[in-house]
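With TSV, C-alpha atoms inside, this is model.tsv:
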chain	number	residue	atom	x	y	z
F	83	MET	CA	-14.10	-8.84	-28.07
F	84	THR	CA	-14.23	-5.61	-26.13
F	85	ALA	CA	-11.29	-3.29	-25.63
F	86	TRP	CA	-10.70	-5.09	-22.32
F	87	SER	CA	-10.77	-8.69	-23.53
F	88	ALA	CA	-7.85	-10.78	-24.68
F	89	ALA	CA	-6.19	-9.27	-27.71
F	90	GLY	CA	-4.35	-11.78	-29.81
F	91	ALA	CA	-3.29	-15.35	-29.18
F	92	GLU	CA	-0.31	-17.04	-27.61
F	93	PRO	CA	2.48	-17.34	-30.17
F	94	GLU	CA	4.66	-20.36	-30.73
F	95	GLY	CA	7.30	-20.95	-28.10
F	96	GLY	CA	5.15	-19.78	-25.20
F	97	ALA	CA	6.39	-16.17	-25.03
F	98	LEU	CA	3.67	-13.59	-24.76
F	99	ALA	CA	4.42	-11.39	-27.76
F	100	TRP	CA	0.97	-9.91	-27.41
F	101	GLN	CA	-1.07	-7.91	-24.97
F	102	ALA	CA	-4.25	-8.78	-23.11
F	103	GLN	CA	-6.57	-7.14	-20.65
F	104	TYR	CA	-8.70	-9.39	-18.46
F	105	PRO	CA	-11.65	-8.30	-16.32
F	106	GLY	CA	-11.63	-9.92	-12.91
F	107	GLN	CA	-13.64	-8.77	-9.89
F	108	ASP	CA	-13.21	-12.12	-8.12
F	109	GLY	CA	-9.47	-12.50	-8.53
F	110	PRO	CA	-6.85	-12.83	-11.24
F	111	PRO	CA	-7.15	-15.00	-14.36
F	112	ALA	CA	-5.06	-18.14	-14.73
F	113	VAL	CA	-2.58	-16.38	-17.02
F	114	TRP	CA	-1.69	-14.05	-14.13
F	115	GLU	CA	-0.31	-16.96	-12.13
F	116	GLU	CA	1.39	-18.36	-15.21
F	117	LEU	CA	3.14	-15.02	-15.54
F	118	ASP	CA	4.49	-15.27	-11.97
F	119	PRO	CA	3.63	-18.36	-9.90
F	120	ARG	CA	5.04	-16.73	-6.72
F	121	PRO	CA	4.35	-12.98	-6.99
F	122	PRO	CA	4.73	-10.48	-4.13
F	123	LEU	CA	1.94	-10.71	-1.55
F	124	PHE	CA	-0.12	-7.78	-2.87
F	125	ALA	CA	-0.19	-9.32	-6.38
F	126	SER	CA	-1.05	-12.87	-5.24
F	127	ARG	CA	-4.31	-14.62	-5.99
F	128	GLY	CA	-5.12	-15.05	-2.31
F	129	TRP	CA	-4.61	-11.36	-1.55
F	130	LEU	CA	-6.43	-10.01	-4.60
F	131	SER	CA	-9.35	-12.39	-4.07
F	132	VAL	CA	-9.74	-11.31	-0.44
F	133	MET	CA	-8.74	-7.64	-0.60
F	134	GLY	CA	-9.67	-6.66	-4.15
F	135	HIS	CA	-12.90	-5.03	-2.98
F	136	ARG	CA	-10.81	-2.24	-1.46
F	137	ILE	CA	-9.98	-1.01	-4.95
F	138	GLU	CA	-13.10	0.62	-6.38
F	139	GLY	CA	-14.15	0.27	-10.00
F	140	GLU	CA	-13.85	-2.51	-12.58
F	141	HIS	CA	-10.66	-4.53	-12.10
F	142	ARG	CA	-8.34	-5.23	-15.00
F	143	TYR	CA	-5.33	-7.53	-15.31
F	144	PHE	CA	-2.88	-6.48	-18.01
F	145	VAL	CA	-0.50	-9.05	-19.43
F	146	SER	CA	2.04	-8.05	-22.02
F	147	GLY	CA	5.25	-9.42	-23.38
F	148	LEU	CA	8.01	-9.05	-25.92
F	149	GLY	CA	10.13	-12.11	-25.23
F	150	SER	CA	10.04	-11.22	-21.51
F	151	ASP	CA	6.61	-10.92	-19.94
F	152	ALA	CA	5.21	-8.34	-17.52
F	153	GLY	CA	1.84	-7.70	-15.96
F	154	PHE	CA	-0.01	-4.92	-14.11
F	155	PHE	CA	-3.19	-4.75	-12.03
F	156	GLY	CA	-5.52	-1.77	-12.32
F	157	SER	CA	-9.11	-0.63	-12.10
F	158	VAL	CA	-11.34	1.53	-14.30
F	159	VAL	CA	-13.12	4.09	-12.14
F	160	ASP	CA	-15.93	6.39	-13.25
F	161	ASP	CA	-16.57	8.09	-9.90
F	162	PRO	CA	-14.60	11.36	-9.58
F	163	TYR	CA	-15.28	11.26	-5.83
F	164	LEU	CA	-13.82	7.85	-5.06
F	165	THR	CA	-11.67	7.36	-1.95
F	166	VAL	CA	-8.97	10.00	-1.73
F	167	SER	CA	-6.09	7.52	-1.40
F	168	LYS	CA	-6.95	6.12	-4.85
F	169	ASN	CA	-8.25	9.30	-6.47
F	170	PRO	CA	-5.69	10.60	-8.97
F	171	TRP	CA	-7.31	14.03	-9.24
F	172	GLN	CA	-7.31	14.62	-5.49
F	173	LEU	CA	-3.80	13.25	-5.02
F	174	LEU	CA	-2.55	15.65	-7.67
F	175	PHE	CA	-4.65	18.76	-7.01
F	176	GLU	CA	-5.62	18.76	-3.33
F	177	PRO	CA	-3.50	18.99	-0.15
F	178	CYS	CA	-4.60	15.54	1.10
F	179	GLU	CA	-3.87	16.13	4.75
F	180	GLY	CA	-2.95	12.90	6.48
F	181	LEU	CA	-0.93	11.80	3.48
F	182	ARG	CA	1.33	14.86	3.30
F	183	SER	CA	1.84	18.38	4.58
F	184	LEU	CA	2.47	21.28	2.21
F	185	PRO	CA	3.81	24.75	3.07
F	186	ALA	CA	1.60	27.71	2.15
F	187	GLU	CA	3.33	28.74	-1.09
F	188	PRO	CA	3.39	25.27	-2.76
F	189	ALA	CA	-0.19	24.70	-1.58
F	190	ALA	CA	-1.23	27.90	-3.32
F	191	ALA	CA	0.61	26.87	-6.48
F	192	GLN	CA	-1.16	23.50	-6.37
F	193	ALA	CA	-4.55	25.23	-6.08
F	194	ALA	CA	-3.66	27.49	-9.02
F	195	ALA	CA	-2.78	24.42	-11.09
F	196	ALA	CA	-6.16	22.89	-10.29
F	197	ALA	CA	-7.90	26.09	-11.37
F	198	MET	CA	-6.10	26.19	-14.73
F	199	GLY	CA	-7.31	22.71	-15.69
F	200	PRO	CA	-10.75	21.31	-16.46
F	201	PRO	CA	-13.06	20.41	-13.53
F	202	ARG	CA	-12.56	17.18	-11.65
F	203	GLU	CA	-15.32	15.35	-13.53
F	204	GLU	CA	-13.49	15.73	-16.84
F	205	TRP	CA	-10.54	13.62	-15.61
F	206	PHE	CA	-12.75	10.52	-15.43
F	207	PRO	CA	-13.19	7.72	-16.30
F	208	ALA	CA	-9.67	6.89	-15.21
F	209	LEU	CA	-7.50	3.81	-15.09
F	210	VAL	CA	-5.89	3.58	-11.64
F	211	LEU	CA	-3.05	1.08	-11.27
F	212	THR	CA	-2.37	0.17	-7.65
F	213	TYR	CA	-2.84	-2.94	-5.55
F	214	PRO	CA	-4.86	-3.29	-2.36
F	215	GLY	CA	-2.15	-2.25	0.07
F	216	LEU	CA	-1.36	0.85	-2.00
F	217	GLU	CA	1.71	-0.21	-3.92
F	218	CYS	CA	2.25	-0.26	-7.68
F	219	PHE	CA	4.64	-2.67	-9.39
F	220	GLY	CA	4.82	-5.02	-12.32
F	221	ILE	CA	5.05	-8.78	-12.01
F	222	GLY	CA	6.65	-11.42	-14.21
F	223	PRO	CA	10.16	-11.92	-15.59
F	224	GLY	CA	10.01	-8.61	-17.45
F	225	ALA	CA	9.09	-6.50	-14.43
F	226	GLY	CA	12.69	-5.32	-14.06
F	227	ALA	CA	13.61	-5.21	-17.76
F	228	PRO	CA	13.45	-1.77	-19.44
F	229	GLY	CA	12.31	-3.07	-22.82
F	230	ALA	CA	9.59	-5.30	-21.40
F	231	LEU	CA	8.34	-2.49	-19.15
F	232	ASP	CA	8.25	-0.05	-22.06
F	233	HIS	CA	6.19	-2.54	-24.07
F	234	ALA	CA	3.82	-3.29	-21.17
F	235	ILE	CA	3.24	0.36	-20.29
F	236	SER	CA	2.66	1.24	-23.95
F	237	ALA	CA	0.07	-1.56	-24.15
F	238	VAL	CA	-1.73	-0.22	-21.06
F	239	LEU	CA	-1.81	3.30	-22.47
F	240	ASP	CA	-3.03	2.09	-25.86
F	241	ALA	CA	-5.82	0.11	-24.22
F	242	ALA	CA	-6.86	3.18	-22.22
F	243	ARG	CA	-7.06	5.26	-25.40
F	244	VAL	CA	-9.13	2.61	-27.18
F	245	ALA	CA	-11.51	2.46	-24.21
F	246	GLY	CA	-11.95	6.25	-24.20
F	247	LEU	CA	-10.43	6.77	-20.73
F	248	ARG	CA	-9.27	10.27	-19.84
F	249	THR	CA	-6.60	9.56	-17.24
F	250	VAL	CA	-4.12	6.79	-16.49
F	251	ALA	CA	-2.45	6.84	-13.08
F	252	PHE	CA	0.20	4.49	-11.67
F	253	LEU	CA	-0.11	5.24	-7.94
F	254	TYR	CA	2.31	4.46	-5.09
F	255	VAL	CA	5.37	3.42	-7.07
F	256	GLN	CA	7.86	2.41	-4.39
F	257	PRO	CA	11.16	4.33	-4.13
F	258	GLU	CA	13.36	1.29	-4.83
F	259	ASP	CA	11.53	0.45	-8.08
F	260	HIS	CA	13.86	2.53	-10.24
F	261	GLN	CA	13.17	0.58	-13.43
F	262	LEU	CA	9.42	1.15	-13.31
F	263	ALA	CA	9.83	4.84	-12.48
F	264	ALA	CA	12.24	5.30	-15.38
F	265	ALA	CA	9.92	3.47	-17.79
F	266	LEU	CA	6.97	5.64	-16.77
F	267	ARG	CA	9.03	8.77	-17.35
F	268	ARG	CA	10.06	7.46	-20.77
F	269	ALA	CA	6.37	7.01	-21.56
F	270	ARG	CA	5.92	10.74	-20.73
F	271	LEU	CA	3.81	10.27	-17.63
F	272	THR	CA	4.04	13.10	-15.12
F	273	GLY	CA	5.61	12.04	-11.84
F	274	PHE	CA	4.52	13.62	-8.57
F	275	PRO	CA	5.13	12.91	-4.85
F	276	ILE	CA	2.13	11.40	-3.08
F	277	THR	CA	3.29	10.71	0.47
F	278	GLN	CA	6.11	9.37	2.62
F	279	ARG	CA	6.56	5.68	3.33
F	280	SER	CA	7.81	4.63	6.76
F	281	ASN	CA	9.97	1.49	6.70
F	282	LEU	CA	12.24	0.13	9.41
F	283	HIS	CA	15.38	-1.85	8.56
F	284	LEU	CA	16.43	-3.74	11.66
F	285	PRO	CA	19.98	-2.87	12.74
F	286	GLY	CA	22.45	-5.41	14.08
F	287	ASP	CA	21.63	-8.87	15.35
F	288	CYS	CA	19.40	-8.40	18.40
F	289	PHE	CA	16.83	-6.13	20.03
F	290	ALA	CA	19.58	-4.44	22.02
F	291	ASP	CA	21.00	-3.18	18.71
F	292	TYR	CA	17.61	-1.68	17.86
F	293	LEU	CA	17.42	0.01	21.26
F	294	ALA	CA	20.92	1.39	20.76
F	295	MET	CA	19.77	3.00	17.50
F	296	LEU	CA	17.05	4.95	19.30
F	297	GLY	CA	17.71	8.18	21.12
F	298	SER	CA	18.13	8.00	24.89
F	299	HIS	CA	14.75	9.65	25.51
F	300	ARG	CA	12.95	7.10	23.31
F	301	ARG	CA	14.78	4.21	25.01
F	302	GLN	CA	13.75	5.48	28.42
F	303	SER	CA	10.15	5.92	27.27
F	304	LEU	CA	10.05	2.37	25.90
F	305	GLN	CA	11.41	0.96	29.15
F	306	ALA	CA	8.87	2.99	31.14
F	307	GLU	CA	6.02	1.74	28.95
F	308	ARG	CA	7.07	-1.88	29.43
F	309	ARG	CA	7.38	-1.37	33.17
F	310	LYS	CA	3.83	0.00	33.26
F	311	LEU	CA	2.55	-2.98	31.28
F	312	ARG	CA	4.13	-5.34	33.82
F	313	GLU	CA	2.56	-3.39	36.68
F	314	ASN	CA	-0.83	-3.74	34.95
F	315	GLY	CA	-0.38	-7.48	34.62
F	316	ILE	CA	-0.13	-7.36	30.82
F	317	THR	CA	1.70	-10.16	29.05
F	318	VAL	CA	2.36	-10.21	25.32
F	319	ASP	CA	2.52	-13.30	23.14
F	320	TRP	CA	2.11	-14.13	19.47
F	321	LEU	CA	0.88	-16.94	17.26
F	322	PRO	CA	0.29	-17.58	13.56
F	323	LEU	CA	-3.24	-16.53	12.66
F	324	ALA	CA	-3.62	-19.97	11.04
F	325	GLU	CA	-3.67	-21.40	14.59
F	326	ALA	CA	-6.41	-19.08	15.84
F	327	ASP	CA	-9.67	-20.80	16.81
F	328	ASP	CA	-13.12	-19.28	16.23
F	329	GLU	CA	-13.22	-17.88	19.77
F	330	LEU	CA	-10.05	-15.89	19.20
F	331	ILE	CA	-11.35	-14.67	15.83
F	332	GLU	CA	-14.47	-13.34	17.58
F	333	THR	CA	-12.31	-11.63	20.21
F	334	LEU	CA	-10.30	-9.89	17.49
F	335	VAL	CA	-13.49	-8.85	15.71
F	336	ALA	CA	-14.84	-7.27	18.91
F	337	LEU	CA	-11.58	-5.38	19.52
F	338	ARG	CA	-11.62	-4.08	15.96
F	339	GLN	CA	-15.13	-2.72	16.45
F	340	GLN	CA	-14.00	-0.76	19.49
F	341	HIS	CA	-11.09	0.64	17.51
F	342	ARG	CA	-13.30	1.65	14.59
F	343	ARG	CA	-15.82	3.28	16.91
F	344	LYS	CA	-13.11	5.26	18.73
F	345	TYR	CA	-11.90	6.76	15.45
F	346	GLY	CA	-15.35	7.62	14.10
F	347	LYS	CA	-15.83	4.67	11.75
F	348	GLN	CA	-18.98	2.61	11.53
F	349	PRO	CA	-18.50	-0.83	13.15
F	350	ASP	CA	-18.70	-3.66	10.62
F	351	PRO	CA	-18.24	-6.97	12.43
F	352	ALA	CA	-19.33	-9.12	9.49
F	353	SER	CA	-16.70	-7.60	7.19
F	354	GLU	CA	-13.98	-7.87	9.85
F	355	ARG	CA	-14.90	-11.50	10.51
F	356	ARG	CA	-14.74	-12.42	6.82
F	357	LEU	CA	-11.36	-10.73	6.49
F	358	LEU	CA	-9.82	-12.43	9.52
F	359	GLN	CA	-11.21	-15.82	8.48
F	360	ALA	CA	-9.76	-15.34	5.01
F	361	PHE	CA	-6.38	-14.34	6.43
F	362	ARG	CA	-6.48	-17.40	8.66
F	363	ALA	CA	-6.76	-19.56	5.55
F	364	PHE	CA	-3.59	-18.06	4.06
F	365	SER	CA	-0.70	-20.52	3.98
F	366	GLY	CA	1.34	-18.84	6.72
F	367	GLY	CA	2.80	-15.38	6.90
F	368	VAL	CA	0.10	-13.75	9.09
F	369	THR	CA	0.97	-13.26	12.76
F	370	VAL	CA	-1.17	-12.06	15.67
F	371	PHE	CA	0.42	-10.29	18.63
F	372	ARG	CA	-1.77	-10.23	21.75
F	373	ALA	CA	-1.71	-8.26	25.00
F	374	ARG	CA	-3.50	-10.24	27.70
F	375	THR	CA	-4.37	-9.63	31.34
F	376	ASP	CA	-5.17	-13.31	31.82
F	377	PRO	CA	-5.65	-16.31	29.52
F	378	ARG	CA	-9.31	-15.39	28.97
F	379	HIS	CA	-9.04	-11.65	28.39
F	380	THR	CA	-7.27	-9.96	25.50
F	381	ALA	CA	-6.71	-6.23	25.94
F	382	GLY	CA	-5.38	-5.61	22.44
F	383	PHE	CA	-3.92	-7.15	19.30
F	384	SER	CA	-1.99	-6.34	16.15
F	385	LEU	CA	-1.79	-8.22	12.86
F	386	PHE	CA	1.37	-8.43	10.76
F	387	LEU	CA	1.64	-9.76	7.20
F	388	ASN	CA	4.90	-11.19	5.88
F	389	SER	CA	5.29	-10.36	2.19
F	390	GLY	CA	8.57	-12.21	1.81
F	391	GLY	CA	11.18	-10.33	3.80
F	392	VAL	CA	8.98	-7.35	4.72
F	393	GLN	CA	6.57	-7.40	7.65
F	394	HIS	CA	3.53	-5.15	7.11
F	395	CYS	CA	1.73	-3.77	10.15
F	396	TRP	CA	-1.79	-4.28	8.81
F	397	THR	CA	-4.40	-3.78	11.53
F	398	CYS	CA	-4.98	-3.62	15.28
F	399	GLY	CA	-7.70	-3.36	17.94
F	400	PHE	CA	-7.95	-2.64	21.66
F	401	ASP	CA	-10.30	-2.93	24.63
F	402	TYR	CA	-10.76	0.74	25.41
F	403	THR	CA	-13.12	-0.12	28.29
F	404	ASP	CA	-10.16	-1.60	30.18
F	405	PRO	CA	-7.71	1.04	31.45
F	406	ARG	CA	-4.98	-1.60	31.47
F	407	SER	CA	-4.98	-1.50	27.66
F	408	ARG	CA	-3.13	1.82	27.84
F	409	PHE	CA	0.42	1.59	26.44
F	410	THR	CA	-0.39	-1.64	24.60
F	411	TYR	CA	-0.53	0.09	21.19
F	412	PHE	CA	3.20	0.75	20.89
F	413	GLU	CA	4.09	-2.60	22.42
F	414	LEU	CA	1.91	-4.51	19.96
F	415	CYS	CA	2.53	-2.43	16.84
F	416	TYR	CA	6.25	-1.77	17.30
F	417	ASN	CA	8.21	-3.15	20.25
F	418	ALA	CA	7.11	-6.80	20.45
F	419	PRO	CA	7.04	-7.46	16.68
F	420	ILE	CA	10.44	-5.79	16.25
F	421	GLU	CA	11.96	-7.82	19.09
F	422	THR	CA	10.43	-11.05	17.73
F	423	ALA	CA	11.68	-10.35	14.20
F	424	TYR	CA	15.28	-10.82	15.33
F	425	THR	CA	14.54	-14.53	15.67
F	426	GLY	CA	13.41	-14.87	12.03
F	427	PRO	CA	14.50	-14.03	8.47
F	428	ALA	CA	12.29	-10.96	7.83
F	429	ARG	CA	14.43	-7.93	8.76
F	430	GLU	CA	12.35	-5.07	7.40
F	431	PHE	CA	9.04	-3.57	8.52
F	432	SER	CA	6.56	-1.47	6.59
F	433	PHE	CA	4.45	0.92	8.65
F	434	SER	CA	2.75	2.36	5.56
F	435	TYR	CA	1.86	6.03	5.16
F	436	GLY	CA	1.06	8.92	7.50
F	437	ALA	CA	2.02	9.71	11.14
F	438	GLU	CA	5.62	10.11	10.02
F	439	MET	CA	7.02	11.73	13.16
F	440	THR	CA	5.76	8.90	15.39
F	441	LYS	CA	7.48	6.41	13.12
F	442	LEU	CA	10.70	8.42	12.87
F	443	LEU	CA	10.97	8.29	16.67
F	444	ARG	CA	10.87	4.51	16.43
F	445	GLY	CA	13.70	4.24	13.94
F	446	CYS	CA	11.85	4.28	10.63
F	447	ARG	CA	13.30	5.72	7.46
F	448	LEU	CA	11.06	7.99	5.40
F	449	ASP	CA	11.03	7.77	1.61
F	450	ILE	CA	8.88	9.63	-0.88
F	451	VAL	CA	6.40	7.45	-2.79
F	452	HIS	CA	5.38	8.74	-6.22
F	453	GLY	CA	2.49	8.60	-8.59
F	454	TYR	CA	2.72	8.90	-12.39
F	455	LEU	CA	-0.16	10.31	-14.40
F	456	LEU	CA	-1.05	10.69	-18.05
F	457	ALA	CA	-3.86	13.00	-19.11
F	458	VAL	CA	-4.79	11.04	-22.23
F	459	ASP	CA	-4.49	13.15	-25.39
F	460	ASP	CA	-5.40	16.45	-23.71
F	461	GLN	CA	-2.98	19.38	-23.62
F	462	ALA	CA	-4.94	21.44	-21.06
F	463	ARG	CA	-5.06	18.61	-18.55
F	464	THR	CA	-1.42	17.76	-19.25
F	465	ALA	CA	-0.34	21.35	-18.52
F	466	ALA	CA	-2.39	21.44	-15.31
F	467	SER	CA	-1.00	18.12	-14.10
F	468	GLN	CA	2.58	19.21	-14.76
F	469	ALA	CA	2.02	22.47	-12.85
F	470	ALA	CA	0.52	20.59	-9.90
F	471	ALA	CA	3.38	18.07	-9.92
F	472	ALA	CA	5.91	20.91	-9.80
F	473	ALA	CA	4.07	22.46	-6.83
F	474	LEU	CA	4.05	19.14	-4.97
F	475	ALA	CA	7.73	18.57	-5.67
F	476	ALA	CA	8.54	22.04	-4.30
F	477	GLY	CA	6.36	21.43	-1.26
F	478	THR	CA	8.07	18.17	-0.32
F	479	ALA	CA	11.63	19.16	-1.29
F	480	GLY	CA	12.77	19.80	2.28
F	481	GLN	CA	11.09	16.82	3.91
F	482	PRO	CA	12.84	13.60	5.01
F	483	GLY	CA	12.98	11.14	2.14
F	484	ALA	CA	12.79	13.82	-0.51
F	485	ALA	CA	16.03	12.59	-2.07
F	486	ALA	CA	13.96	9.90	-3.75
F	487	THR	CA	12.89	11.59	-6.95
F	488	GLY	CA	10.08	10.90	-9.37
Same coordinates, now as C-alpha cells:
Amino acid sequence: MTAWSAAGAEPEGGALAWQAQYPGQDGPPAVWEELDPRPPLFASRGWLSVMGHRIEGEHRYFVSGLGSDAGFFGSVVDDPYLTVSKNPWQLLFEPCEGLRSLPAEPAAAQAAAAAMGPPREEWFPALVLTYPGLECFGIGPGAGAPGALDHAISAVLDAARVAGLRTVAFLYVQPEDHQLAAALRRARLTGFPITQRSNLHLPGDCFADYLAMLGSHRRQSLQAERRKLRENGITVDWLPLAEADDELIETLVALRQQHRRKYGKQPDPASERRLLQAFRAFSGGVTVFRARTDPRHTAGFSLFLNSGGVQHCWTCGFDYTDPRSRFTYFELCYNAPIETAYTGPAREFSFSYGAEMTKLLRGCRLDIVHGYLLAVDDQARTAASQAAAAALAAGTAGQPGAAATG
C-alpha cells in the first residue's frame, strides 16, 4: 500500500477506528457515501463526479474515525502556479485582487512576509482541502464533534508528512463552522482571511418584506429596471433544469459562450454542454430562470443550485447581440429568484465571493471566509506564513464581516 491507500481495516462493531486515504479522480469511493449517505451538495457523489475536474491535482478522500466518523476531500497539487483561488501560496502571500482589497500598509507587510520565506516552489507539493464550489467542511457524524475532528485532522496531517508534502491548506472554511475552525487552530494551523462571502437571508414572509429591507434608492432602481424590462417585452419564468429539453440546453450553451467571450474567456461549448446535461440529470434542486422576448427567443438565463436550504447562484448567460437583454442580469440573478424563493423552503442565498458592494446593495451580509495552513515541519515557512496571516488580518480588520475571526 502507498501512503494514500487504505490504512488498516474496519474494526468490529462498524466504527471506523482507523484512517484511510482513497485516490479518486472519477468520484468518491463507496466508503464516502457510507460515512454520510446524504452529504451537503458540494460533498455529494453527483457533484464531485461532475465538478471534480475543477480542483486540480490528484484527488484524495480522507476517512477517519474514533467512535464517531469524519471525512475530508482534498487534492495533492505539485504545480506552484495552479489557479489562484486554490493556490495556498498566492492566497497567503499575494494581494489577490478580485478576492479581497488590502490597504497599502498591510499589503506591504504581506509582501515583506513573502520575502522572508522560501520561494513559492518550495511550498509544493501541497495538500489543498476544498470542494468544487470553494467551501471546506467535514462530513459524517463526527464533523461537528471536537474529538472526532481532532482525530481526523491529525490523520490528514500525518498522511501529508508520510507522503513528503510541504504544505497542507484547508481553504474556504465557512464562518459558521466554528467547530472545524477551532479544531484547525488546536492542530496549530495558521488561520488567515481569504475573502468575503456574500449571503442573503430572506427577511419576513414575502417579496415586499425584502423590498422594505432595501434602501429607497435601491427600491426605486429595481422598480425602474422592471419597468424597462416590461417596455422591452421581456418576461421572466423558471423551470427545473430536469425538465429542459435538448433545444433549451443548446440555447443555454450558446448564451454561455457569449458571456464567456464578453469577459475575455475562451468559448468552450462542449464543456458547457456536458455540464448542463449532467446538472439536468441531478435529482432536482437545479433551477433555470429565463428572460424571454417571445417563446422562441431567450435573452438571458441564470442557474441556481439548491444545496438543502441554501440557493447558490451558479452561472448565467446573455444574448449581448440583443439590446433588450439589458437589465436582465439583475432580474435573473437577484430579483426573480429572490421573489420566487418566498414560495419555497429555501430562505438563504449564496452569491459566492467578490463584487461585494454590488451584493451589499441587494441586501447581502458579508462574512470573512478563512483558510488554515500548515507549513509541514519547516520553521522558516511557518514564520513567513504567520507574518502574512497577521498582515491579512490587519488589512481586513475594518471591512464588513471582519467580526468573523479565524
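Here CA of Gly109 in chain F stands at a distance of 19.5 Å from CA of Glu354 in chain F.
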(message) Using all atoms listed in the file for the distances, tell me which of F:Gly139, F:Pro405, F:Gly445, F:Gly106 is nearest to Phe433 in chain F.
(response)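 Selected residue with least distance to Phe433 in chain F: F:Gly445.
For the set F:Leu262, F:Leu271, F:Leu239, F:Ala336, the residue with the smallest atom-to-atom gap to Ser467 in chain F is F:Leu271, counting all atoms listed in the file.
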Correct to one decimal, the distance CA of Arg182 in chain F-CA of Thr277 in chain F is 5.4 Å
Can you pull out every residue within 12 Å of Ala242 in chain F, counting all atoms listed in the file, but drop anything in the same chain fewer than 5 positions away, and send it as a PyMOL selection string?
chain F and resi 85-86+103+142+144+156-159+206-211+235-237+247-251+456-459
Wanna dump the range 308-406 of chain F-range 419-431 of chain F contacts at 12 Å for me, each residue with its shortest atom pair and the distance in Å to one decimal, counting all atoms listed in the file, ordered by chain and number, as a Markdown table?
| residue | atom | partner | partner_atom | distance |
| --- | --- | --- | --- | --- |
| F:Val318 | CA | F:Pro419 | CA | 10.2 |
| F:Asp319 | CA | F:Pro419 | CA | 9.8 |
| F:Trp320 | CA | F:Pro419 | CA | 8.8 |
| F:Leu321 | CA | F:Thr422 | CA | 11.2 |
| F:Gly367 | CA | F:Ala428 | CA | 10.5 |
| F:Thr369 | CA | F:Pro419 | CA | 9.3 |
| F:Val370 | CA | F:Pro419 | CA | 9.5 |
| F:Phe371 | CA | F:Pro419 | CA | 7.5 |
| F:Arg372 | CA | F:Pro419 | CA | 10.5 |
| F:Phe383 | CA | F:Pro419 | CA | 11.3 |
| F:Ser384 | CA | F:Pro419 | CA | 9.1 |
| F:Leu385 | CA | F:Pro419 | CA | 9.7 |
| F:Phe386 | CA | F:Pro419 | CA | 8.3 |
| F:Leu387 | CA | F:Phe431 | CA | 9.7 |
| F:Asn388 | CA | F:Ala428 | CA | 7.6 |
| F:Ser389 | CA | F:Ala428 | CA | 9.0 |
| F:Gly390 | CA | F:Ala428 | CA | 7.2 |
| F:Gly391 | CA | F:Ala428 | CA | 4.2 |
| F:Val392 | CA | F:Glu430 | CA | 4.9 |
| F:Gln393 | CA | F:Phe431 | CA | 4.6 |
| F:His394 | CA | F:Phe431 | CA | 5.9 |
| F:Cys395 | CA | F:Phe431 | CA | 7.5 |
| F:Trp396 | CA | F:Phe431 | CA | 10.9 |
